[in-house]
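Reviewing the structure listed below.
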Amino acid sequence: MGKGIDYPHYMHAVVPYAGRLAPSPTGLLHLGHARTFWVAYERAQQAQGTLWLRNEDLDGQRARPEFVDAMREDLTWLGIRWQDELIQSERLRAYREALDQLLAADAIFPCTCSRKDLQQALAAPHEDNDDEPIYNGRCRQQAGSTFQPGVNYRFRVPDGERIRFNDLHCGTQSFVAGSGPGADFGDFLVWRKDGLPSYQLACVVDDAFQQITEVVRGRDLLKSTARQILLQRALQLPTPAYLHTDLMRDHAGVRLAKRHDALSLRSLRESGMTAEQLRALF
Ligand code: GLU
Ligand code: ZN
């Protein structure tokens, strides 16, 4: 930017770039996170856009304040800067409003399946990762236009519809919604009986609220993007651009996200590595 000149917004692109870093404070950030967040940071820099830190602390069981401090510290050490911060646990009202909108649109249904029902429905061991299993549709026809506390709610996906999107790194993607053969994902959770939104709902509500123009995250979330596109459609929210980064694996081929040891940024830093040396590993 020119010295002393305060460029008004209209001098930039029509829609200014906004990205986000969305770590879950459930553990220490490791090398894999660092790489994805570094890409997100560079994209925002190149576009002269803004970057948000979104603290995805809704998992009351696993999220811990010490990990929130650690992630801020580790990201800063790595050389990443962000402009503003959003804390999901302070946004429950917004998520509830979105849920009410979905209820009014008859886009979701209460699911009273027990853990056992769900396990039985899981006939074939399905996924290569920890992705949500395909729901068998047992409660699909349950009506419920008023909110019932203490039950799960699922999004009723359009059976057999193929959801397509273009990923800026992985290319054209397509996933089939439904519960029949060939489906990639089924009626997914939007609200949990403990009173919290699912990751899918909170993410879509916040991406819209923060006016995110480009989502940069790991490619383990490609299928979640298809789910989120359906939620955006139902909530009449815009769909941002997506860029899913490759996952880093260790020498044995294990995804780094599955490891909580020596490859945390903290341990690498404590072992004497500089941020520059670490970035060279990307
Ligand atoms: N909090 C999520 C994770 O750490 C990332 C969600 C996202 O970027 O949409 O896996
Ligand atoms: Zn059910």
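Please note that chains go A, B, ... in the order of the structure tokens, that every chain numbers its residues from 1, and that ligands are numbered from 1 in the order shown.
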Item to check | strand (DSSP E or B) call set, DSSP backbone run, stretch 19-135 of chain A, as a ChimeraX atom specification | outcome: /A:19-21,30,50-55,84-87,108-111
Using N, CA, C and O atoms, can you write the selected residues to a file as a CSV table (one decimal), in the first residue's frame?
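again.csv was written with the following content:
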chain,number,residue,atom,x,y,z
A,19,GLY,N,-10.4,-15.0,4.3
A,19,GLY,CA,-10.1,-16.4,4.6
A,19,GLY,C,-10.2,-16.6,6.1
A,19,GLY,O,-10.4,-15.7,6.9
A,20,ARG,N,-10.0,-17.9,6.5
A,20,ARG,CA,-10.0,-18.2,7.9
A,20,ARG,C,-9.1,-19.4,8.2
A,20,ARG,O,-8.9,-20.3,7.4
A,21,LEU,N,-8.6,-19.4,9.4
A,21,LEU,CA,-7.9,-20.5,10.0
A,21,LEU,C,-8.9,-21.0,11.1
A,21,LEU,O,-9.3,-20.3,11.9
A,30,HIS,N,0.0,-29.6,14.8
A,30,HIS,CA,1.2,-30.4,14.3
A,30,HIS,C,1.6,-29.9,12.9
A,30,HIS,O,0.9,-29.0,12.4
A,50,THR,N,-8.3,-10.3,4.2
A,50,THR,CA,-8.2,-10.5,5.6
A,50,THR,C,-8.3,-11.9,6.0
A,50,THR,O,-8.8,-12.8,5.2
A,51,LEU,N,-7.7,-12.2,7.1
A,51,LEU,CA,-7.7,-13.6,7.6
A,51,LEU,C,-8.2,-13.6,9.0
A,51,LEU,O,-7.8,-12.8,9.8
A,52,TRP,N,-9.2,-14.5,9.3
A,52,TRP,CA,-9.8,-14.7,10.6
A,52,TRP,C,-9.1,-15.9,11.3
A,52,TRP,O,-8.8,-16.9,10.6
A,53,LEU,N,-9.0,-15.8,12.6
A,53,LEU,CA,-8.8,-17.0,13.4
A,53,LEU,C,-10.2,-17.4,13.9
A,53,LEU,O,-10.9,-16.6,14.5
A,54,ARG,N,-10.6,-18.6,13.6
A,54,ARG,CA,-11.9,-19.1,14.2
A,54,ARG,C,-11.5,-20.2,15.2
A,54,ARG,O,-11.0,-21.3,14.8
A,55,ASN,N,-11.9,-19.9,16.4
A,55,ASN,CA,-11.6,-20.9,17.4
A,55,ASN,C,-12.8,-21.9,17.5
A,55,ASN,O,-13.9,-21.6,18.0
A,84,ASP,N,-8.5,-10.8,13.0
A,84,ASP,CA,-9.6,-10.8,13.9
A,84,ASP,C,-9.9,-12.3,14.4
A,84,ASP,O,-9.5,-13.2,13.7
A,85,GLU,N,-10.6,-12.4,15.4
A,85,GLU,CA,-10.8,-13.7,16.0
A,85,GLU,C,-12.3,-13.9,16.3
A,85,GLU,O,-13.0,-13.0,16.8
A,86,LEU,N,-12.8,-15.1,16.0
A,86,LEU,CA,-14.2,-15.5,16.3
A,86,LEU,C,-14.2,-16.8,17.2
A,86,LEU,O,-13.4,-17.7,16.9
A,87,ILE,N,-15.0,-16.8,18.2
A,87,ILE,CA,-15.0,-17.9,19.1
A,87,ILE,C,-16.3,-18.6,19.0
A,87,ILE,O,-17.4,-18.0,19.3
A,108,ILE,N,-34.8,-30.5,8.0
A,108,ILE,CA,-34.2,-31.4,8.9
A,108,ILE,C,-35.3,-32.2,9.7
A,108,ILE,O,-36.5,-31.9,9.6
A,109,PHE,N,-34.8,-33.3,10.3
A,109,PHE,CA,-35.8,-34.1,11.1
A,109,PHE,C,-35.1,-34.5,12.4
A,109,PHE,O,-33.9,-34.7,12.5
A,110,PRO,N,-36.0,-34.7,13.5
A,110,PRO,CA,-35.4,-35.2,14.7
A,110,PRO,C,-35.1,-36.7,14.6
A,110,PRO,O,-35.8,-37.4,14.0
A,111,CYS,N,-33.9,-37.0,15.1
A,111,CYS,CA,-33.5,-38.4,15.0
A,111,CYS,C,-33.3,-39.0,16.4
A,111,CYS,O,-32.6,-38.5,17.2
Next on the checklist: Could you list the protein, DNA and RNA residues that have any atom within 6 Å of ligand 2, counting only C-alpha atoms and all ligand atoms, and write them as a PyMOL selection string?
Outcome noted: chain A and resi 111-113+138-139
Checklist entry - Please, what distance in Å, to one decimal, runs between atom CA of A:Ala47 and atom CA of A:Met248? => result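 Distance between the two atoms: 25.4 Å.
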Next on the checklist: For a quick check of understanding, using only C-alpha atoms and all ligand atoms, which of A:Gln236, A:Thr26, A:Ser174, A:Gln119 has the smallest distance to ligand 1?
Outcome noted: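 Checking each candidate against ligand 1, we get A:Thr26 as the closest.
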Checklist entry - Which residues form the shell of 10 Å around ligand 1 when you count only C-alpha atoms and all ligand atoms, given as a VMD selection string? => result chain A and resid 20 to 27 29 33 36 to 37 54 to 58 199 to 200 202 to 204 206 to 207 215 to 222 224 to 225 228 244 257
Could those selected residues go to a file with N, CA, C and O atoms, as a short mmCIF file (atom, residue, chain, number, x, y, z; two decimals), in the first residue's frame?
data_model
loop_
_atom_site.label_atom_id
_atom_site.label_comp_id
_atom_site.auth_asym_id
_atom_site.auth_seq_id
_atom_site.Cartn_x
_atom_site.Cartn_y
_atom_site.Cartn_z
N ARG A 20 -10.03 -17.90 6.45
CA ARG A 20 -10.01 -18.19 7.88
C ARG A 20 -9.11 -19.37 8.20
O ARG A 20 -8.89 -20.26 7.38
N LEU A 21 -8.62 -19.36 9.45
CA LEU A 21 -7.91 -20.50 10.02
C LEU A 21 -8.87 -21.02 11.07
O LEU A 21 -9.30 -20.25 11.92
N ALA A 22 -9.19 -22.29 11.01
CA ALA A 22 -10.24 -22.79 11.93
C ALA A 22 -9.78 -23.99 12.75
O ALA A 22 -10.35 -25.08 12.63
N PRO A 23 -8.79 -23.81 13.60
CA PRO A 23 -8.33 -24.95 14.39
C PRO A 23 -9.31 -25.31 15.51
O PRO A 23 -10.02 -24.46 16.02
N SER A 24 -9.32 -26.59 15.85
CA SER A 24 -10.08 -27.05 17.01
C SER A 24 -9.09 -27.20 18.16
O SER A 24 -8.10 -27.92 18.02
N PRO A 25 -9.36 -26.54 19.29
CA PRO A 25 -8.39 -26.61 20.40
C PRO A 25 -8.51 -27.90 21.20
O PRO A 25 -8.74 -27.88 22.40
N THR A 26 -8.34 -29.00 20.50
CA THR A 26 -8.48 -30.30 21.17
C THR A 26 -7.12 -30.99 21.29
O THR A 26 -7.05 -32.15 21.69
N GLY A 27 -6.08 -30.30 20.90
CA GLY A 27 -4.75 -30.87 20.99
C GLY A 27 -3.76 -29.84 20.47
O GLY A 27 -4.17 -28.73 20.10
N LEU A 29 -1.22 -28.20 17.78
CA LEU A 29 -1.10 -28.16 16.31
C LEU A 29 0.16 -28.91 15.90
O LEU A 29 1.19 -28.81 16.56
N HIS A 33 -1.22 -29.41 10.29
CA HIS A 33 -2.00 -28.18 10.45
C HIS A 33 -1.20 -26.98 9.94
O HIS A 33 -1.72 -26.11 9.27
N THR A 36 -1.30 -26.48 6.16
CA THR A 36 -2.58 -25.98 5.68
C THR A 36 -2.77 -24.51 6.06
O THR A 36 -3.17 -23.68 5.24
N PHE A 37 -2.44 -24.17 7.30
CA PHE A 37 -2.63 -22.80 7.75
C PHE A 37 -1.66 -21.85 7.04
O PHE A 37 -1.99 -20.69 6.79
N ARG A 54 -10.59 -18.61 13.64
CA ARG A 54 -11.85 -19.08 14.20
C ARG A 54 -11.54 -20.21 15.17
O ARG A 54 -11.04 -21.26 14.77
N ASN A 55 -11.85 -19.95 16.41
CA ASN A 55 -11.60 -20.93 17.45
C ASN A 55 -12.79 -21.90 17.50
O ASN A 55 -13.86 -21.57 18.00
N GLU A 56 -12.60 -23.10 16.97
CA GLU A 56 -13.69 -24.07 16.89
C GLU A 56 -13.75 -24.91 18.17
O GLU A 56 -13.38 -26.09 18.19
N ASP A 57 -14.23 -24.24 19.21
CA ASP A 57 -14.16 -24.82 20.56
C ASP A 57 -15.48 -25.41 21.03
O ASP A 57 -15.79 -25.41 22.22
N LEU A 58 -16.31 -25.89 20.10
CA LEU A 58 -17.63 -26.37 20.50
C LEU A 58 -17.61 -27.76 21.13
O LEU A 58 -18.57 -28.16 21.76
N TYR A 199 -20.47 -29.72 13.64
CA TYR A 199 -19.42 -29.00 12.92
C TYR A 199 -19.98 -28.43 11.60
O TYR A 199 -19.71 -27.28 11.24
N GLN A 200 -20.74 -29.25 10.86
CA GLN A 200 -21.23 -28.82 9.54
C GLN A 200 -22.06 -27.53 9.64
O GLN A 200 -21.86 -26.60 8.86
N ALA A 202 -22.25 -25.27 12.24
CA ALA A 202 -21.51 -24.14 12.78
C ALA A 202 -20.59 -23.55 11.71
O ALA A 202 -20.47 -22.32 11.56
N CYS A 203 -19.97 -24.42 10.93
CA CYS A 203 -19.04 -23.98 9.90
C CYS A 203 -19.74 -23.14 8.83
O CYS A 203 -19.26 -22.07 8.45
N VAL A 204 -20.89 -23.62 8.39
CA VAL A 204 -21.63 -22.90 7.34
C VAL A 204 -22.12 -21.54 7.84
O VAL A 204 -22.01 -20.52 7.15
N ASP A 206 -20.86 -19.73 10.25
CA ASP A 206 -19.74 -18.81 10.46
C ASP A 206 -19.06 -18.39 9.16
O ASP A 206 -18.66 -17.23 9.02
N ASP A 207 -18.95 -19.29 8.20
CA ASP A 207 -18.36 -18.88 6.91
C ASP A 207 -19.19 -17.75 6.30
O ASP A 207 -18.63 -16.80 5.73
N VAL A 215 -12.32 -20.89 1.37
CA VAL A 215 -12.05 -21.79 2.49
C VAL A 215 -10.83 -22.64 2.13
O VAL A 215 -10.84 -23.33 1.12
N VAL A 216 -9.79 -22.56 2.95
CA VAL A 216 -8.60 -23.39 2.76
C VAL A 216 -8.55 -24.35 3.94
O VAL A 216 -8.53 -23.93 5.10
N ARG A 217 -8.56 -25.65 3.66
CA ARG A 217 -8.50 -26.65 4.74
C ARG A 217 -8.00 -27.97 4.16
O ARG A 217 -7.80 -28.08 2.95
N GLY A 218 -7.83 -28.96 5.01
CA GLY A 218 -7.28 -30.24 4.58
C GLY A 218 -8.26 -31.05 3.74
O GLY A 218 -9.47 -30.90 3.86
N ARG A 219 -7.73 -31.93 2.90
CA ARG A 219 -8.61 -32.64 1.98
C ARG A 219 -9.41 -33.74 2.63
O ARG A 219 -10.29 -34.34 1.98
N ASP A 220 -9.18 -33.99 3.91
CA ASP A 220 -10.06 -34.91 4.63
C ASP A 220 -11.47 -34.33 4.75
O ASP A 220 -12.41 -35.05 5.10
N LEU A 221 -11.63 -33.05 4.43
CA LEU A 221 -12.94 -32.41 4.57
C LEU A 221 -13.65 -32.21 3.24
O LEU A 221 -14.68 -31.53 3.17
N LEU A 222 -13.15 -32.84 2.17
CA LEU A 222 -13.78 -32.68 0.85
C LEU A 222 -15.26 -33.06 0.88
O LEU A 222 -16.12 -32.37 0.35
N SER A 224 -17.20 -33.19 3.42
CA SER A 224 -17.94 -32.23 4.25
C SER A 224 -18.33 -31.01 3.43
O SER A 224 -19.37 -30.39 3.67
N THR A 225 -17.52 -30.66 2.46
CA THR A 225 -17.86 -29.53 1.61
C THR A 225 -19.16 -29.79 0.86
O THR A 225 -20.01 -28.91 0.74
N GLN A 228 -21.87 -29.22 3.23
CA GLN A 228 -22.00 -27.79 3.56
C GLN A 228 -22.66 -27.02 2.42
O GLN A 228 -23.40 -26.06 2.65
N HIS A 244 -8.72 -27.40 -0.93
CA HIS A 244 -8.38 -28.44 0.05
C HIS A 244 -6.95 -28.89 -0.17
O HIS A 244 -6.59 -29.31 -1.27
N ALA A 257 -2.43 -36.03 11.30
CA ALA A 257 -3.54 -35.65 12.19
C ALA A 257 -3.79 -36.73 13.24
O ALA A 257 -4.39 -36.48 14.27
#
Next on the checklist: I'd like the interatomic distance between atom CA of A:Gln46 and atom CA of A:Gln173, to a tenth of an Å.
Outcome noted: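 Calculated distance between atom CA of A:Gln46 and atom CA of A:Gln173 is 25.3 Å.
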Checklist entry - Which value, in Å to one decimal, gives the distance between atom CA of A:Leu247 and atom CA of A:Asp74? => result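 A separation of 19.3 Å between them.
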Just the residues within 7 Å of A:Pro240, please, counting only C-alpha atoms, with nothing from its chain fewer than 3 positions along; format it as a PDB file with C-alpha atoms, in the first residue's frame.
ATOM      1  CA  ILE A 212     -15.482 -15.893   3.845  1.00  0.00           C
ATOM      2  CA  THR A 213     -14.703 -15.874   0.136  1.00  0.00           C
ATOM      3  CA  GLU A 214     -12.275 -18.821   0.138  1.00  0.00           C
ATOM      4  CA  VAL A 215     -12.052 -21.789   2.486  1.00  0.00           C
TER       5      VAL A 215
END
Give me, as a tab-separated table, each residue of stretch 34-132 of chain A that comes within 12 Å of stretch 190-195 of chain A, together with its shortest interatomic pair and the distance in Å at one decimal, counting only C-alpha atoms, with rows ordered by chain and rising residue number.
residue	atom	partner	partner_atom	distance
A:Leu58	CA	A:Gly195	CA	10.5
A:Asp59	CA	A:Asp194	CA	10.6
A:Gly60	CA	A:Asp194	CA	9.9
A:Gln61	CA	A:Asp194	CA	11.1
A:Ser89	CA	A:Gly195	CA	11.7
A:Leu92	CA	A:Gly195	CA	9.1
A:Arg93	CA	A:Gly195	CA	11.2
A:Tyr95	CA	A:Trp191	CA	9.1
A:Arg96	CA	A:Trp191	CA	9.0
A:Glu97	CA	A:Trp191	CA	11.9
A:Ala98	CA	A:Val190	CA	10.0
A:Leu99	CA	A:Trp191	CA	7.7
A:Asp100	CA	A:Trp191	CA	10.9
A:Leu102	CA	A:Val190	CA	9.6
A:Leu103	CA	A:Val190	CA	11.0
A:Ala107	CA	A:Val190	CA	10.5
A:Ile108	CA	A:Val190	CA	8.1
A:Phe109	CA	A:Val190	CA	9.6
A:Pro110	CA	A:Trp191	CA	9.1
A:Cys111	CA	A:Lys193	CA	9.4
A:Thr112	CA	A:Lys193	CA	9.4
A:Cys113	CA	A:Lys193	CA	11.3
A:Ser114	CA	A:Lys193	CA	11.5
A:Glu132	CA	A:Val190	CA	11.7
Same residues, C-alpha atoms, output as a short mmCIF file (atom, residue, chain, number, x, y, z; two decimals), in the first residue's frame:
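Output (out21.cif):
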data_model
loop_
_atom_site.label_atom_id
_atom_site.label_comp_id
_atom_site.auth_asym_id
_atom_site.auth_seq_id
_atom_site.Cartn_x
_atom_site.Cartn_y
_atom_site.Cartn_z
CA LEU A 58 -17.63 -26.37 20.50
CA ASP A 59 -16.50 -29.83 21.48
CA GLY A 60 -17.04 -29.40 25.21
CA GLN A 61 -15.60 -32.83 25.91
CA SER A 89 -18.75 -21.06 21.90
CA LEU A 92 -24.74 -20.42 20.04
CA ARG A 93 -27.58 -18.00 19.34
CA TYR A 95 -26.51 -21.48 15.32
CA ARG A 96 -29.91 -21.85 17.00
CA GLU A 97 -31.38 -19.29 14.60
CA ALA A 98 -30.05 -21.26 11.66
CA LEU A 99 -31.54 -24.42 13.12
CA ASP A 100 -34.93 -22.72 13.41
CA LEU A 102 -33.95 -25.25 8.77
CA LEU A 103 -36.89 -26.45 10.88
CA ALA A 107 -35.04 -29.45 5.80
CA ILE A 108 -34.20 -31.43 8.94
CA PHE A 109 -35.78 -34.10 11.13
CA PRO A 110 -35.41 -35.20 14.73
CA CYS A 111 -33.47 -38.44 14.99
CA THR A 112 -34.11 -40.56 18.05
CA CYS A 113 -31.94 -43.49 17.04
CA SER A 114 -29.93 -44.96 19.84
CA GLU A 132 -19.59 -39.53 9.61
#
Item to check | helix (DSSP H, G or I) per DSSP on the backbone: members of stretch 185-259 of chain A, as a PyMOL selection string | outcome: chain A and resi 199-209+219-235+256-258
Produce a file of the selected residues containing N, CA and C atoms, as an mmCIF file, in the first residue's frame.
data_model
loop_
_atom_site.group_PDB
_atom_site.id
_atom_site.type_symbol
_atom_site.label_atom_id
_atom_site.label_comp_id
_atom_site.auth_asym_id
_atom_site.auth_seq_id
_atom_site.Cartn_x
_atom_site.Cartn_y
_atom_site.Cartn_z
ATOM 1 N N TYR A 199 -20.467 -29.725 13.637
ATOM 2 C CA TYR A 199 -19.421 -28.996 12.915
ATOM 3 C C TYR A 199 -19.976 -28.435 11.602
ATOM 4 N N GLN A 200 -20.744 -29.248 10.856
ATOM 5 C CA GLN A 200 -21.234 -28.816 9.537
ATOM 6 C C GLN A 200 -22.057 -27.530 9.643
ATOM 7 N N LEU A 201 -22.971 -27.495 10.603
ATOM 8 C CA LEU A 201 -23.841 -26.321 10.728
ATOM 9 C C LEU A 201 -23.050 -25.098 11.206
ATOM 10 N N ALA A 202 -22.251 -25.272 12.240
ATOM 11 C CA ALA A 202 -21.506 -24.135 12.775
ATOM 12 C C ALA A 202 -20.585 -23.549 11.708
ATOM 13 N N CYS A 203 -19.971 -24.418 10.930
ATOM 14 C CA CYS A 203 -19.039 -23.982 9.903
ATOM 15 C C CYS A 203 -19.739 -23.139 8.834
ATOM 16 N N VAL A 204 -20.895 -23.618 8.387
ATOM 17 C CA VAL A 204 -21.626 -22.897 7.337
ATOM 18 C C VAL A 204 -22.124 -21.541 7.845
ATOM 19 N N VAL A 205 -22.637 -21.520 9.055
ATOM 20 C CA VAL A 205 -23.140 -20.270 9.631
ATOM 21 C C VAL A 205 -21.995 -19.263 9.777
ATOM 22 N N ASP A 206 -20.856 -19.726 10.245
ATOM 23 C CA ASP A 206 -19.737 -18.815 10.462
ATOM 24 C C ASP A 206 -19.065 -18.387 9.156
ATOM 25 N N ASP A 207 -18.949 -19.287 8.196
ATOM 26 C CA ASP A 207 -18.362 -18.882 6.915
ATOM 27 C C ASP A 207 -19.189 -17.750 6.297
ATOM 28 N N ALA A 208 -20.511 -17.829 6.448
ATOM 29 C CA ALA A 208 -21.371 -16.776 5.904
ATOM 30 C C ALA A 208 -21.250 -15.505 6.740
ATOM 31 N N PHE A 209 -21.286 -15.653 8.048
ATOM 32 C CA PHE A 209 -21.206 -14.501 8.949
ATOM 33 C C PHE A 209 -19.901 -13.725 8.751
ATOM 34 N N ARG A 219 -7.729 -31.925 2.896
ATOM 35 C CA ARG A 219 -8.611 -32.639 1.976
ATOM 36 C C ARG A 219 -9.412 -33.740 2.634
ATOM 37 N N ASP A 220 -9.183 -33.987 3.906
ATOM 38 C CA ASP A 220 -10.063 -34.910 4.633
ATOM 39 C C ASP A 220 -11.469 -34.330 4.748
ATOM 40 N N LEU A 221 -11.627 -33.048 4.431
ATOM 41 C CA LEU A 221 -12.937 -32.412 4.572
ATOM 42 C C LEU A 221 -13.654 -32.205 3.237
ATOM 43 N N LEU A 222 -13.146 -32.842 2.168
ATOM 44 C CA LEU A 222 -13.784 -32.679 0.850
ATOM 45 C C LEU A 222 -15.263 -33.062 0.882
ATOM 46 N N LYS A 223 -15.542 -34.190 1.505
ATOM 47 C CA LYS A 223 -16.928 -34.664 1.530
ATOM 48 C C LYS A 223 -17.799 -33.756 2.401
ATOM 49 N N SER A 224 -17.199 -33.194 3.421
ATOM 50 C CA SER A 224 -17.942 -32.232 4.245
ATOM 51 C C SER A 224 -18.333 -31.013 3.428
ATOM 52 N N THR A 225 -17.517 -30.664 2.459
ATOM 53 C CA THR A 225 -17.857 -29.526 1.608
ATOM 54 C C THR A 225 -19.160 -29.793 0.857
ATOM 55 N N ALA A 226 -19.343 -31.027 0.390
ATOM 56 C CA ALA A 226 -20.597 -31.362 -0.297
ATOM 57 C C ALA A 226 -21.778 -31.184 0.666
ATOM 58 N N ARG A 227 -21.621 -31.630 1.887
ATOM 59 C CA ARG A 227 -22.690 -31.452 2.888
ATOM 60 C C ARG A 227 -22.942 -29.963 3.134
ATOM 61 N N GLN A 228 -21.867 -29.216 3.229
ATOM 62 C CA GLN A 228 -22.003 -27.793 3.555
ATOM 63 C C GLN A 228 -22.663 -27.019 2.419
ATOM 64 N N ILE A 229 -22.434 -27.466 1.191
ATOM 65 C CA ILE A 229 -23.094 -26.827 0.043
ATOM 66 C C ILE A 229 -24.610 -27.026 0.136
ATOM 67 N N LEU A 230 -25.027 -28.211 0.580
ATOM 68 C CA LEU A 230 -26.466 -28.459 0.756
ATOM 69 C C LEU A 230 -27.043 -27.566 1.854
ATOM 70 N N LEU A 231 -26.295 -27.393 2.914
ATOM 71 C CA LEU A 231 -26.763 -26.510 3.999
ATOM 72 C C LEU A 231 -26.843 -25.055 3.536
ATOM 73 N N GLN A 232 -25.852 -24.634 2.756
ATOM 74 C CA GLN A 232 -25.871 -23.249 2.241
ATOM 75 C C GLN A 232 -27.105 -23.031 1.384
ATOM 76 N N ARG A 233 -27.422 -24.034 0.582
ATOM 77 C CA ARG A 233 -28.588 -23.937 -0.283
ATOM 78 C C ARG A 233 -29.855 -23.800 0.571
ATOM 79 N N ALA A 234 -29.979 -24.648 1.579
ATOM 80 C CA ALA A 234 -31.180 -24.629 2.413
ATOM 81 C C ALA A 234 -31.297 -23.337 3.224
ATOM 82 N N LEU A 235 -30.167 -22.756 3.576
ATOM 83 C CA LEU A 235 -30.188 -21.531 4.390
ATOM 84 C C LEU A 235 -30.064 -20.277 3.524
ATOM 85 N N LEU A 256 -0.671 -37.310 9.668
ATOM 86 C CA LEU A 256 -0.135 -36.608 10.838
ATOM 87 C C LEU A 256 -1.231 -36.230 11.830
ATOM 88 N N ALA A 257 -2.434 -36.027 11.301
ATOM 89 C CA ALA A 257 -3.536 -35.651 12.192
ATOM 90 C C ALA A 257 -3.794 -36.728 13.242
ATOM 91 N N LYS A 258 -3.345 -37.923 12.953
ATOM 92 C CA LYS A 258 -3.598 -39.030 13.873
ATOM 93 C C LYS A 258 -2.503 -39.154 14.921
#
Item to check | Pick from A:Phe282, A:Ile80, A:Arg162, A:Ala70 nearest to A:Arg43, counting only C-alpha atoms | outcome: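 Smallest distance to A:Arg43 is found for A:Ile80.
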Next on the checklist: Counting only C-alpha atoms, which residue out of A:Glu66, A:Leu78, A:Ala40, A:Pro133 sits closest to A:Thr274?
Outcome noted: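 Nearest to A:Thr274: A:Leu78.
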